[in-house]
Amino acid sequence: MTCVELHESLVDNETGSSAEQQAHIKNCSECAKLVADLLVIAYAAGDLRAVHEPHPRVWKSIETTLRREGLIRQRRSLSLLPSLSSQWSWARWMAPAAALLLITLGIYLKQNPQSKNAISETTAEVTRPAETVPDAATGLNDADLLQEIAKQSPALQEQYADNLRHVNQYIQDAKNVVAADPTDEEARRSLMEAYQEKSMLFELALDRSLQ
Amino acid sequence: MHRMRKGFDEFMGGRTLQVAALSAVLAGTIPGTLLAQTHKEYRFNVGPRAGLSVNNPYGSVSVRPSTGNVIVINAVLFSDKVEVDNALVGNRVEVVSHLLPGSDAQSGRIDYEILAPADASVTLHSSSGTLHAEKLQGDVSMEGAGATVDVRDVTSAHVRVKTLNGPVTLTNVQDGHIEVDSLTGKVVLRSVNGPFVQVVSTSGEISYIGDFGDHGDYRFTSHSGNIEAVVPDSTSADVTVRSVRGEVHDDIHLQPKQHSSIPTIKEGVAFVGTMGRAAVSSTVVLRSFSGKIHLRKRAAE
């Protein structure tokens, strides 16, 4: 996989977690840094959602645009979720929107490599305020998740709440280490992994709710 | 669901060798309920490198190698509140436990025993059952919130596991590309090696017993869980160990490494070094925030 292919692949997997992406990232420090930066930016952007939730029309418009561009397709599993559509719609479209953001930034950074340092500095600045807002550690909405679990499997609500506490602490700790030393590649990787853990928690919870 | 039904109709129309429907009815009692266990068997002819996908919310799934290009599915249904939807789509067999209204974890349970070609790619999904695969050479993906995962005797495969609190055990997985994510479940790897072995956990314990192969990238990360690696004398690896707030213990006495990605080595918190012949070594990174990390030598037998 080349750097260009890596950037293109981020459309389908913006976390850079696939085997091919990992193989490339392992050998390309530039792309590794880029993916780490963009992931933090994407999730930090998610934090902003709590401050200002766009009107549903905005998400609908993004959906329409992405479909017209052929960037997203109807996922088979999503068709099983009519009852969840209103509550989870933001989460559905956050991923393609974040992917679009990642690709746009990726192309921009590829064409303007000198701007990477500036982005890194910005990332560090974006990360620091989160330290003072531990409950808003990510753009993912914990309350929605717990509400859905309470509705579908009340007995598991406590377990998921506990898991959320653990994973949010993981993210917060990882953010703190990155903030302390933004050049620490391992710390950045840990932050990505922490976000992936939370992503997995939501993914498995959503699978459970499908039942 | 319509697609599954359509596939099932095709399947019934003669695309398979045989459908052995009801073969046994066993009576079992559950407190307050009488549940009849039904045994069903399905057979599918498939080509080389077939796919197998099983989504079973409640109950176990076990996959072992078959003889020839055939997939044989033995299902034990624990009540009439659940049924097996299956379809052969191209070269891929898809199986779903279809929960009917009123079903719960007990009445919705199905246990599957499946024989599949060794080169098949297998995807298993269960929320609470045991997922087991052995003696396969195709890719294996297992996922489930509370599922217990057991993979053994797998060669040259991509093994992907995701659980919330279910324990994960990988035994004798050779030359694998392995990715394990578990929030709180304990992860145990025994005799596991390959070009890429990664375990990420939030608070689960990670235990590795093996020799780290000779050319792989091994990365074990846990936020608050302990990490232990037990290796034989013959191990050859570049090792980086770091715990932000926990402790690290090295019983092996690593040789100093010239180029370190950790700028400051603090005794008891981090260390970097090599063991064995560095020229043919693997890269090992053990990392935790508050868990203990222990790298020790396997006791002579």
# chains A, B, ... in the order shown; residues from 1 in each chain; ligands from 1
$ select_by_dssp --residues "stretch 55-164 of chain B" --states "strand (DSSP E)" --output "short mmCIF file (atom, residue, chain, number, x, y, z; two decimals) with all heavy atoms, in the first residue's frame"
data_model
loop_
_atom_site.label_atom_id
_atom_site.label_comp_id
_atom_site.auth_asym_id
_atom_site.auth_seq_id
_atom_site.Cartn_x
_atom_site.Cartn_y
_atom_site.Cartn_z
N ASN B 55 -24.24 -16.17 12.90
CA ASN B 55 -24.65 -15.17 13.88
C ASN B 55 -25.63 -15.84 14.84
O ASN B 55 -26.76 -16.13 14.47
CB ASN B 55 -25.30 -13.98 13.17
CG ASN B 55 -25.52 -12.81 14.11
OD1 ASN B 55 -25.60 -12.99 15.33
ND2 ASN B 55 -25.61 -11.61 13.56
N VAL B 61 -20.90 -21.90 19.29
CA VAL B 61 -20.59 -22.25 17.90
C VAL B 61 -19.19 -22.86 17.89
O VAL B 61 -18.24 -22.26 18.41
CB VAL B 61 -20.60 -21.03 16.97
CG1 VAL B 61 -20.40 -21.48 15.52
CG2 VAL B 61 -21.89 -20.24 17.09
N SER B 62 -19.09 -24.06 17.34
CA SER B 62 -17.80 -24.73 17.28
C SER B 62 -17.53 -25.14 15.83
O SER B 62 -18.39 -25.74 15.19
CB SER B 62 -17.81 -25.97 18.19
OG SER B 62 -16.60 -26.68 18.06
N VAL B 63 -16.37 -24.80 15.33
CA VAL B 63 -16.03 -25.12 13.94
C VAL B 63 -14.77 -25.98 13.91
O VAL B 63 -13.75 -25.62 14.50
CB VAL B 63 -15.81 -23.84 13.11
CG1 VAL B 63 -15.52 -24.19 11.66
CG2 VAL B 63 -17.03 -22.93 13.19
N ARG B 64 -14.87 -27.11 13.21
CA ARG B 64 -13.73 -28.01 13.03
C ARG B 64 -13.61 -28.34 11.55
O ARG B 64 -14.57 -28.17 10.79
CB ARG B 64 -13.94 -29.29 13.85
CG ARG B 64 -13.92 -29.06 15.35
CD ARG B 64 -14.10 -30.38 16.11
NE ARG B 64 -13.88 -30.20 17.54
CZ ARG B 64 -14.81 -29.77 18.39
NH1 ARG B 64 -16.02 -29.48 17.93
NH2 ARG B 64 -14.53 -29.61 19.66
N PRO B 65 -12.47 -28.83 11.14
CA PRO B 65 -12.30 -29.10 9.69
C PRO B 65 -13.10 -30.31 9.23
O PRO B 65 -13.22 -31.30 9.95
CB PRO B 65 -10.79 -29.35 9.57
CG PRO B 65 -10.34 -29.73 10.92
CD PRO B 65 -11.23 -29.05 11.89
N VAL B 70 -17.13 -29.49 1.81
CA VAL B 70 -18.51 -29.53 2.28
C VAL B 70 -18.58 -28.88 3.66
O VAL B 70 -17.64 -28.99 4.46
CB VAL B 70 -19.03 -30.99 2.33
CG1 VAL B 70 -18.20 -31.83 3.29
CG2 VAL B 70 -20.50 -31.04 2.72
N ILE B 71 -19.66 -28.16 3.89
CA ILE B 71 -19.90 -27.59 5.21
C ILE B 71 -21.11 -28.31 5.81
O ILE B 71 -22.18 -28.36 5.21
CB ILE B 71 -20.17 -26.07 5.13
CG1 ILE B 71 -18.90 -25.34 4.69
CG2 ILE B 71 -20.69 -25.54 6.46
CD1 ILE B 71 -19.05 -23.84 4.54
N VAL B 72 -20.91 -28.88 6.97
CA VAL B 72 -21.97 -29.61 7.66
C VAL B 72 -22.31 -28.86 8.95
O VAL B 72 -21.42 -28.60 9.77
CB VAL B 72 -21.53 -31.05 8.00
CG1 VAL B 72 -22.68 -31.80 8.67
CG2 VAL B 72 -21.06 -31.78 6.75
N ILE B 73 -23.57 -28.52 9.09
CA ILE B 73 -23.99 -27.75 10.26
C ILE B 73 -24.93 -28.60 11.10
O ILE B 73 -25.99 -29.02 10.64
CB ILE B 73 -24.72 -26.46 9.82
CG1 ILE B 73 -23.76 -25.59 9.01
CG2 ILE B 73 -25.25 -25.71 11.04
CD1 ILE B 73 -24.45 -24.46 8.29
N ASN B 74 -24.53 -28.87 12.31
CA ASN B 74 -25.39 -29.56 13.27
C ASN B 74 -25.85 -28.53 14.28
O ASN B 74 -25.03 -27.90 14.95
CB ASN B 74 -24.63 -30.68 13.97
CG ASN B 74 -24.46 -31.88 13.08
OD1 ASN B 74 -25.42 -32.61 12.80
ND2 ASN B 74 -23.25 -32.08 12.59
N ALA B 75 -27.17 -28.39 14.40
CA ALA B 75 -27.71 -27.38 15.30
C ALA B 75 -28.64 -28.03 16.32
O ALA B 75 -29.47 -28.87 15.96
CB ALA B 75 -28.49 -26.33 14.50
N VAL B 76 -28.46 -27.63 17.57
CA VAL B 76 -29.39 -28.07 18.61
C VAL B 76 -30.18 -26.85 19.06
O VAL B 76 -29.63 -25.91 19.64
CB VAL B 76 -28.63 -28.68 19.81
CG1 VAL B 76 -29.62 -29.06 20.92
CG2 VAL B 76 -27.84 -29.89 19.36
N LEU B 77 -31.47 -26.87 18.75
CA LEU B 77 -32.34 -25.75 19.10
C LEU B 77 -32.99 -26.06 20.45
O LEU B 77 -33.52 -27.16 20.65
CB LEU B 77 -33.42 -25.54 18.04
CG LEU B 77 -32.99 -25.03 16.67
CD1 LEU B 77 -32.25 -26.08 15.87
CD2 LEU B 77 -34.21 -24.53 15.88
N VAL B 82 -37.02 -20.23 18.42
CA VAL B 82 -35.87 -19.84 17.62
C VAL B 82 -35.76 -20.80 16.44
O VAL B 82 -36.13 -21.97 16.55
CB VAL B 82 -34.58 -19.85 18.47
CG1 VAL B 82 -34.26 -21.24 18.99
CG2 VAL B 82 -33.40 -19.29 17.70
N GLU B 83 -35.31 -20.29 15.30
CA GLU B 83 -35.15 -21.15 14.14
C GLU B 83 -33.85 -20.82 13.42
O GLU B 83 -33.26 -19.76 13.65
CB GLU B 83 -36.35 -21.02 13.19
CG GLU B 83 -36.58 -19.61 12.71
CD GLU B 83 -37.91 -19.47 11.96
OE1 GLU B 83 -38.82 -20.26 12.24
OE2 GLU B 83 -38.01 -18.57 11.11
N VAL B 84 -33.42 -21.72 12.57
CA VAL B 84 -32.16 -21.53 11.85
C VAL B 84 -32.46 -21.03 10.44
O VAL B 84 -33.14 -21.70 9.66
CB VAL B 84 -31.37 -22.85 11.76
CG1 VAL B 84 -30.08 -22.64 10.97
CG2 VAL B 84 -31.08 -23.40 13.14
N ASP B 85 -32.00 -19.84 10.14
CA ASP B 85 -32.05 -19.34 8.77
C ASP B 85 -30.69 -19.60 8.15
O ASP B 85 -29.66 -19.27 8.75
CB ASP B 85 -32.33 -17.83 8.74
CG ASP B 85 -33.76 -17.50 9.12
OD1 ASP B 85 -34.58 -18.44 9.18
OD2 ASP B 85 -34.05 -16.32 9.37
N ASN B 86 -30.66 -20.17 6.97
CA ASN B 86 -29.36 -20.42 6.35
C ASN B 86 -29.45 -20.23 4.85
O ASN B 86 -30.52 -20.35 4.25
CB ASN B 86 -28.84 -21.82 6.70
CG ASN B 86 -29.87 -22.88 6.40
OD1 ASN B 86 -30.17 -23.10 5.24
ND2 ASN B 86 -30.41 -23.53 7.42
N ALA B 87 -28.34 -19.94 4.26
CA ALA B 87 -28.32 -19.69 2.82
C ALA B 87 -26.93 -19.92 2.28
O ALA B 87 -25.93 -19.68 2.98
CB ALA B 87 -28.75 -18.26 2.52
N LEU B 88 -26.89 -20.43 1.07
CA LEU B 88 -25.62 -20.52 0.35
C LEU B 88 -25.61 -19.40 -0.67
O LEU B 88 -26.39 -19.39 -1.62
CB LEU B 88 -25.51 -21.89 -0.36
CG LEU B 88 -24.29 -22.10 -1.24
CD1 LEU B 88 -23.01 -22.04 -0.42
CD2 LEU B 88 -24.38 -23.43 -1.97
N VAL B 89 -24.79 -18.43 -0.45
CA VAL B 89 -24.71 -17.26 -1.33
C VAL B 89 -23.35 -17.30 -2.01
O VAL B 89 -22.33 -17.03 -1.38
CB VAL B 89 -24.88 -15.95 -0.53
CG1 VAL B 89 -24.87 -14.76 -1.47
CG2 VAL B 89 -26.16 -15.99 0.28
N ARG B 92 -20.37 -18.84 -0.17
CA ARG B 92 -20.41 -18.48 1.24
C ARG B 92 -21.70 -18.99 1.88
O ARG B 92 -22.79 -18.76 1.37
CB ARG B 92 -20.33 -16.95 1.38
CG ARG B 92 -20.34 -16.44 2.79
CD ARG B 92 -20.19 -14.92 2.82
NE ARG B 92 -20.06 -14.44 4.18
CZ ARG B 92 -18.94 -14.48 4.89
NH1 ARG B 92 -17.85 -14.96 4.34
NH2 ARG B 92 -18.92 -14.03 6.11
N VAL B 93 -21.55 -19.63 3.02
CA VAL B 93 -22.71 -20.11 3.76
C VAL B 93 -22.99 -19.14 4.91
O VAL B 93 -22.08 -18.82 5.69
CB VAL B 93 -22.46 -21.53 4.32
CG1 VAL B 93 -23.61 -21.94 5.24
CG2 VAL B 93 -22.31 -22.52 3.18
N GLU B 94 -24.22 -18.67 4.98
CA GLU B 94 -24.60 -17.73 6.03
C GLU B 94 -25.66 -18.38 6.91
O GLU B 94 -26.67 -18.89 6.41
CB GLU B 94 -25.11 -16.43 5.43
CG GLU B 94 -24.06 -15.70 4.61
CD GLU B 94 -24.55 -14.35 4.10
OE1 GLU B 94 -25.72 -14.02 4.34
OE2 GLU B 94 -23.75 -13.65 3.48
N VAL B 95 -25.42 -18.35 8.19
CA VAL B 95 -26.33 -18.96 9.15
C VAL B 95 -26.70 -17.92 10.20
O VAL B 95 -25.82 -17.25 10.75
CB VAL B 95 -25.67 -20.17 9.85
CG1 VAL B 95 -26.64 -20.81 10.83
CG2 VAL B 95 -25.20 -21.19 8.82
N VAL B 96 -27.99 -17.79 10.44
CA VAL B 96 -28.45 -16.85 11.45
C VAL B 96 -29.47 -17.55 12.34
O VAL B 96 -30.40 -18.19 11.84
CB VAL B 96 -29.11 -15.60 10.80
CG1 VAL B 96 -29.67 -14.68 11.88
CG2 VAL B 96 -28.12 -14.86 9.93
N SER B 97 -29.29 -17.41 13.65
CA SER B 97 -30.32 -17.88 14.58
C SER B 97 -31.41 -16.83 14.64
O SER B 97 -31.17 -15.71 15.11
CB SER B 97 -29.72 -18.10 15.97
OG SER B 97 -28.74 -19.10 15.92
N HIS B 98 -32.57 -17.20 14.16
CA HIS B 98 -33.66 -16.23 14.04
C HIS B 98 -34.53 -16.31 15.29
O HIS B 98 -35.26 -17.29 15.49
CB HIS B 98 -34.46 -16.55 12.77
CG HIS B 98 -35.60 -15.64 12.54
ND1 HIS B 98 -36.58 -15.88 11.60
CD2 HIS B 98 -35.94 -14.47 13.11
CE1 HIS B 98 -37.46 -14.91 11.63
NE2 HIS B 98 -37.09 -14.05 12.54
N LEU B 99 -34.44 -15.28 16.12
CA LEU B 99 -35.21 -15.26 17.37
C LEU B 99 -36.66 -14.88 17.07
O LEU B 99 -36.91 -13.88 16.39
CB LEU B 99 -34.60 -14.27 18.35
CG LEU B 99 -33.15 -14.53 18.77
CD1 LEU B 99 -32.65 -13.42 19.69
CD2 LEU B 99 -33.03 -15.88 19.46
N ILE B 110 -29.28 -21.70 20.56
CA ILE B 110 -28.94 -22.78 19.63
C ILE B 110 -27.45 -23.07 19.80
O ILE B 110 -26.63 -22.14 19.84
CB ILE B 110 -29.21 -22.39 18.16
CG1 ILE B 110 -30.68 -22.05 17.94
CG2 ILE B 110 -28.80 -23.53 17.23
CD1 ILE B 110 -31.01 -21.67 16.50
N ASP B 111 -27.10 -24.32 19.90
CA ASP B 111 -25.68 -24.72 19.90
C ASP B 111 -25.35 -25.33 18.54
O ASP B 111 -26.05 -26.22 18.07
CB ASP B 111 -25.42 -25.76 21.00
CG ASP B 111 -25.46 -25.13 22.39
OD1 ASP B 111 -25.40 -23.89 22.48
OD2 ASP B 111 -25.57 -25.88 23.38
N TYR B 112 -24.29 -24.82 17.94
CA TYR B 112 -23.89 -25.30 16.61
C TYR B 112 -22.58 -26.08 16.69
O TYR B 112 -21.63 -25.65 17.34
CB TYR B 112 -23.66 -24.12 15.65
CG TYR B 112 -24.89 -23.35 15.27
CD1 TYR B 112 -25.26 -22.20 15.97
CD2 TYR B 112 -25.68 -23.73 14.18
CE1 TYR B 112 -26.38 -21.45 15.62
CE2 TYR B 112 -26.81 -22.99 13.82
CZ TYR B 112 -27.15 -21.86 14.54
OH TYR B 112 -28.26 -21.14 14.18
N GLU B 113 -22.55 -27.21 16.03
CA GLU B 113 -21.29 -27.94 15.78
C GLU B 113 -21.14 -27.98 14.26
O GLU B 113 -21.97 -28.55 13.56
CB GLU B 113 -21.37 -29.38 16.33
CG GLU B 113 -21.40 -29.48 17.83
CD GLU B 113 -20.01 -29.41 18.45
OE1 GLU B 113 -19.03 -29.51 17.67
OE2 GLU B 113 -19.90 -29.24 19.67
N ILE B 114 -20.09 -27.37 13.77
CA ILE B 114 -19.96 -27.18 12.32
C ILE B 114 -18.65 -27.79 11.83
O ILE B 114 -17.60 -27.61 12.46
CB ILE B 114 -20.01 -25.67 11.97
CG1 ILE B 114 -21.36 -25.09 12.40
CG2 ILE B 114 -19.79 -25.46 10.48
CD1 ILE B 114 -21.47 -23.59 12.23
N LEU B 115 -18.76 -28.50 10.72
CA LEU B 115 -17.57 -28.98 10.03
C LEU B 115 -17.42 -28.15 8.75
O LEU B 115 -18.38 -28.03 7.97
CB LEU B 115 -17.71 -30.46 9.68
CG LEU B 115 -17.94 -31.42 10.86
CD1 LEU B 115 -18.11 -32.86 10.36
CD2 LEU B 115 -16.78 -31.34 11.85
N ALA B 116 -16.24 -27.59 8.54
CA ALA B 116 -16.02 -26.74 7.37
C ALA B 116 -14.65 -27.06 6.78
O ALA B 116 -13.75 -27.51 7.52
CB ALA B 116 -16.09 -25.27 7.75
N SER B 121 -12.91 -19.35 5.27
CA SER B 121 -12.86 -18.16 6.12
C SER B 121 -14.09 -18.18 7.01
O SER B 121 -15.21 -18.31 6.52
CB SER B 121 -12.86 -16.89 5.27
OG SER B 121 -11.66 -16.78 4.57
N VAL B 122 -13.87 -18.05 8.30
CA VAL B 122 -14.96 -18.26 9.26
C VAL B 122 -15.21 -16.99 10.06
O VAL B 122 -14.28 -16.39 10.60
CB VAL B 122 -14.60 -19.41 10.23
CG1 VAL B 122 -15.66 -19.57 11.30
CG2 VAL B 122 -14.41 -20.71 9.46
N THR B 123 -16.49 -16.58 10.11
CA THR B 123 -16.88 -15.43 10.93
C THR B 123 -17.97 -15.89 11.89
O THR B 123 -19.02 -16.35 11.46
CB THR B 123 -17.43 -14.29 10.05
OG1 THR B 123 -16.42 -13.89 9.12
CG2 THR B 123 -17.83 -13.10 10.89
N LEU B 124 -17.69 -15.79 13.18
CA LEU B 124 -18.64 -16.24 14.19
C LEU B 124 -19.03 -15.07 15.09
O LEU B 124 -18.18 -14.26 15.46
CB LEU B 124 -18.03 -17.36 15.05
CG LEU B 124 -17.41 -18.54 14.32
CD1 LEU B 124 -16.88 -19.56 15.33
CD2 LEU B 124 -18.42 -19.20 13.39
N HIS B 125 -20.31 -15.04 15.45
CA HIS B 125 -20.80 -13.94 16.28
C HIS B 125 -21.77 -14.50 17.30
O HIS B 125 -22.74 -15.15 16.94
CB HIS B 125 -21.49 -12.92 15.38
CG HIS B 125 -21.82 -11.63 16.06
ND1 HIS B 125 -21.95 -10.44 15.41
CD2 HIS B 125 -22.02 -11.36 17.36
CE1 HIS B 125 -22.23 -9.49 16.28
NE2 HIS B 125 -22.27 -10.03 17.47
N THR B 130 -20.10 -19.77 23.69
CA THR B 130 -18.68 -20.06 23.48
C THR B 130 -18.42 -20.16 21.98
O THR B 130 -19.15 -20.83 21.26
CB THR B 130 -18.32 -21.40 24.15
OG1 THR B 130 -18.48 -21.27 25.56
CG2 THR B 130 -16.87 -21.76 23.85
N LEU B 131 -17.39 -19.48 21.52
CA LEU B 131 -16.99 -19.55 20.12
C LEU B 131 -15.68 -20.32 20.04
O LEU B 131 -14.70 -19.96 20.70
CB LEU B 131 -16.81 -18.14 19.55
CG LEU B 131 -18.06 -17.24 19.60
CD1 LEU B 131 -17.73 -15.84 19.09
CD2 LEU B 131 -19.20 -17.84 18.79
N HIS B 132 -15.68 -21.36 19.25
CA HIS B 132 -14.51 -22.24 19.21
C HIS B 132 -14.16 -22.57 17.76
O HIS B 132 -15.05 -22.88 16.95
CB HIS B 132 -14.84 -23.53 19.98
CG HIS B 132 -13.79 -24.59 19.86
ND1 HIS B 132 -12.70 -24.66 20.71
CD2 HIS B 132 -13.63 -25.61 18.99
CE1 HIS B 132 -11.94 -25.69 20.37
NE2 HIS B 132 -12.48 -26.28 19.32
N ALA B 133 -12.90 -22.50 17.44
CA ALA B 133 -12.44 -22.90 16.10
C ALA B 133 -11.12 -23.61 16.26
O ALA B 133 -10.26 -23.18 17.04
CB ALA B 133 -12.30 -21.69 15.19
N GLU B 134 -10.95 -24.68 15.50
CA GLU B 134 -9.67 -25.39 15.61
C GLU B 134 -9.28 -26.01 14.27
O GLU B 134 -10.12 -26.33 13.43
CB GLU B 134 -9.75 -26.47 16.69
CG GLU B 134 -10.66 -27.62 16.37
CD GLU B 134 -10.63 -28.68 17.46
OE1 GLU B 134 -10.80 -28.32 18.63
OE2 GLU B 134 -10.40 -29.87 17.13
N VAL B 140 -10.08 -16.28 10.50
CA VAL B 140 -11.06 -16.52 11.56
C VAL B 140 -11.40 -15.19 12.23
O VAL B 140 -10.50 -14.47 12.67
CB VAL B 140 -10.50 -17.49 12.63
CG1 VAL B 140 -11.49 -17.65 13.77
CG2 VAL B 140 -10.17 -18.85 12.01
N SER B 141 -12.69 -14.88 12.27
CA SER B 141 -13.12 -13.66 12.94
C SER B 141 -14.19 -14.03 13.95
O SER B 141 -15.16 -14.70 13.61
CB SER B 141 -13.68 -12.66 11.92
OG SER B 141 -14.18 -11.52 12.58
N MET B 142 -14.00 -13.61 15.20
CA MET B 142 -14.95 -13.94 16.24
C MET B 142 -15.31 -12.68 17.01
O MET B 142 -14.43 -11.89 17.35
CB MET B 142 -14.37 -14.97 17.19
CG MET B 142 -14.10 -16.31 16.55
SD MET B 142 -13.55 -17.49 17.77
CE MET B 142 -13.57 -19.00 16.82
N GLU B 143 -16.59 -12.55 17.32
CA GLU B 143 -17.03 -11.31 17.95
C GLU B 143 -18.20 -11.60 18.88
O GLU B 143 -19.09 -12.36 18.53
CB GLU B 143 -17.46 -10.33 16.85
CG GLU B 143 -17.72 -8.95 17.33
CD GLU B 143 -17.95 -8.00 16.16
OE1 GLU B 143 -17.03 -7.85 15.33
OE2 GLU B 143 -19.05 -7.45 16.09
N GLY B 144 -18.19 -10.99 20.03
CA GLY B 144 -19.32 -11.14 20.93
C GLY B 144 -19.08 -10.45 22.24
O GLY B 144 -17.95 -10.42 22.74
N THR B 148 -17.20 -16.39 25.12
CA THR B 148 -15.91 -16.98 25.44
C THR B 148 -15.28 -17.47 24.14
O THR B 148 -15.92 -18.21 23.39
CB THR B 148 -16.10 -18.17 26.39
OG1 THR B 148 -16.66 -17.69 27.61
CG2 THR B 148 -14.78 -18.85 26.68
N VAL B 149 -14.08 -17.02 23.86
CA VAL B 149 -13.45 -17.33 22.57
C VAL B 149 -12.29 -18.30 22.77
O VAL B 149 -11.44 -18.10 23.65
CB VAL B 149 -12.96 -16.03 21.89
CG1 VAL B 149 -12.13 -16.36 20.66
CG2 VAL B 149 -14.15 -15.16 21.53
N ASP B 150 -12.29 -19.34 21.96
CA ASP B 150 -11.20 -20.34 22.05
C ASP B 150 -10.78 -20.71 20.62
O ASP B 150 -11.57 -21.27 19.86
CB ASP B 150 -11.71 -21.58 22.79
CG ASP B 150 -10.63 -22.64 22.92
OD1 ASP B 150 -9.44 -22.29 22.96
OD2 ASP B 150 -10.98 -23.84 22.97
N VAL B 151 -9.56 -20.36 20.26
CA VAL B 151 -9.04 -20.67 18.93
C VAL B 151 -7.77 -21.49 19.11
O VAL B 151 -6.89 -21.10 19.88
CB VAL B 151 -8.72 -19.38 18.14
CG1 VAL B 151 -8.16 -19.72 16.77
CG2 VAL B 151 -9.96 -18.52 17.99
N ARG B 152 -7.68 -22.61 18.42
CA ARG B 152 -6.47 -23.44 18.59
C ARG B 152 -6.08 -24.13 17.30
O ARG B 152 -6.91 -24.39 16.43
CB ARG B 152 -6.67 -24.45 19.71
CG ARG B 152 -7.83 -25.39 19.54
CD ARG B 152 -7.99 -26.26 20.78
NE ARG B 152 -8.24 -25.46 21.98
CZ ARG B 152 -7.65 -25.69 23.16
NH1 ARG B 152 -6.80 -26.66 23.30
NH2 ARG B 152 -7.93 -24.93 24.20
N ASP B 153 -4.79 -24.38 17.19
CA ASP B 153 -4.23 -25.14 16.06
C ASP B 153 -4.61 -24.51 14.72
O ASP B 153 -5.12 -25.18 13.82
CB ASP B 153 -4.71 -26.60 16.11
CG ASP B 153 -4.36 -27.28 17.42
OD1 ASP B 153 -3.30 -26.94 17.98
OD2 ASP B 153 -5.14 -28.12 17.88
N VAL B 154 -4.38 -23.23 14.62
CA VAL B 154 -4.67 -22.49 13.38
C VAL B 154 -3.35 -22.05 12.76
O VAL B 154 -2.44 -21.60 13.47
CB VAL B 154 -5.57 -21.28 13.67
CG1 VAL B 154 -5.66 -20.37 12.47
CG2 VAL B 154 -6.96 -21.75 14.07
N THR B 155 -3.25 -22.17 11.44
CA THR B 155 -1.98 -21.87 10.77
C THR B 155 -2.20 -20.86 9.64
O THR B 155 -3.17 -20.95 8.89
CB THR B 155 -1.40 -23.17 10.16
OG1 THR B 155 -1.31 -24.15 11.18
CG2 THR B 155 -0.02 -22.91 9.57
N HIS B 158 -5.48 -15.03 9.35
CA HIS B 158 -5.76 -13.75 10.01
C HIS B 158 -6.82 -14.05 11.07
O HIS B 158 -7.92 -14.45 10.75
CB HIS B 158 -6.28 -12.75 8.99
CG HIS B 158 -6.45 -11.37 9.54
ND1 HIS B 158 -6.48 -10.25 8.75
CD2 HIS B 158 -6.59 -10.93 10.80
CE1 HIS B 158 -6.64 -9.19 9.52
NE2 HIS B 158 -6.71 -9.57 10.77
N VAL B 159 -6.45 -13.86 12.33
CA VAL B 159 -7.38 -14.15 13.43
C VAL B 159 -7.77 -12.82 14.08
O VAL B 159 -6.92 -12.08 14.56
CB VAL B 159 -6.73 -15.07 14.48
CG1 VAL B 159 -7.70 -15.31 15.64
CG2 VAL B 159 -6.31 -16.39 13.85
N ARG B 160 -9.07 -12.55 14.06
CA ARG B 160 -9.56 -11.27 14.59
C ARG B 160 -10.58 -11.58 15.67
O ARG B 160 -11.56 -12.29 15.41
CB ARG B 160 -10.20 -10.46 13.46
CG ARG B 160 -10.65 -9.08 13.84
CD ARG B 160 -9.50 -8.13 13.80
NE ARG B 160 -9.92 -6.77 14.09
CZ ARG B 160 -9.96 -6.24 15.32
NH1 ARG B 160 -9.63 -6.97 16.35
NH2 ARG B 160 -10.32 -5.00 15.49
N VAL B 161 -10.39 -11.04 16.88
CA VAL B 161 -11.30 -11.33 17.98
C VAL B 161 -11.70 -10.02 18.66
O VAL B 161 -10.85 -9.17 18.94
CB VAL B 161 -10.64 -12.25 19.03
CG1 VAL B 161 -11.59 -12.50 20.19
CG2 VAL B 161 -10.22 -13.58 18.40
N LYS B 162 -13.01 -9.89 18.94
CA LYS B 162 -13.50 -8.73 19.68
C LYS B 162 -14.46 -9.22 20.76
O LYS B 162 -15.45 -9.89 20.44
CB LYS B 162 -14.26 -7.77 18.77
CG LYS B 162 -13.42 -6.97 17.80
CD LYS B 162 -14.31 -5.99 17.06
CE LYS B 162 -13.51 -5.16 16.08
NZ LYS B 162 -14.38 -4.19 15.37
N THR B 163 -14.17 -8.89 22.01
CA THR B 163 -15.12 -9.19 23.08
C THR B 163 -15.16 -8.03 24.07
O THR B 163 -14.22 -7.24 24.14
CB THR B 163 -14.75 -10.46 23.89
OG1 THR B 163 -13.60 -10.20 24.68
CG2 THR B 163 -14.49 -11.65 22.98
#
$ interface_residues --of "chain A" --to "chain B" --cutoff "8 Å" --atoms "only C-alpha atoms" --output "list in words"
Asn163, His166, Val167, Tyr170, Asp173, Ser190, Glu193, Ala194, Glu197, Met200, Leu201, Leu204, Ala205, Arg208 and Gln211 of chain A
$ atom_distance --atom1 "atom CA of A:Leu6" --atom2 "atom CA of A:His24"
7.5 Å
$ residues_around --residues "B:Phe212" --least-positions-apart "6" --cutoff "9 Å" --atoms "only C-alpha atoms" --output "ChimeraX atom specification"
/B:191-194,218,231,235-237,281-284
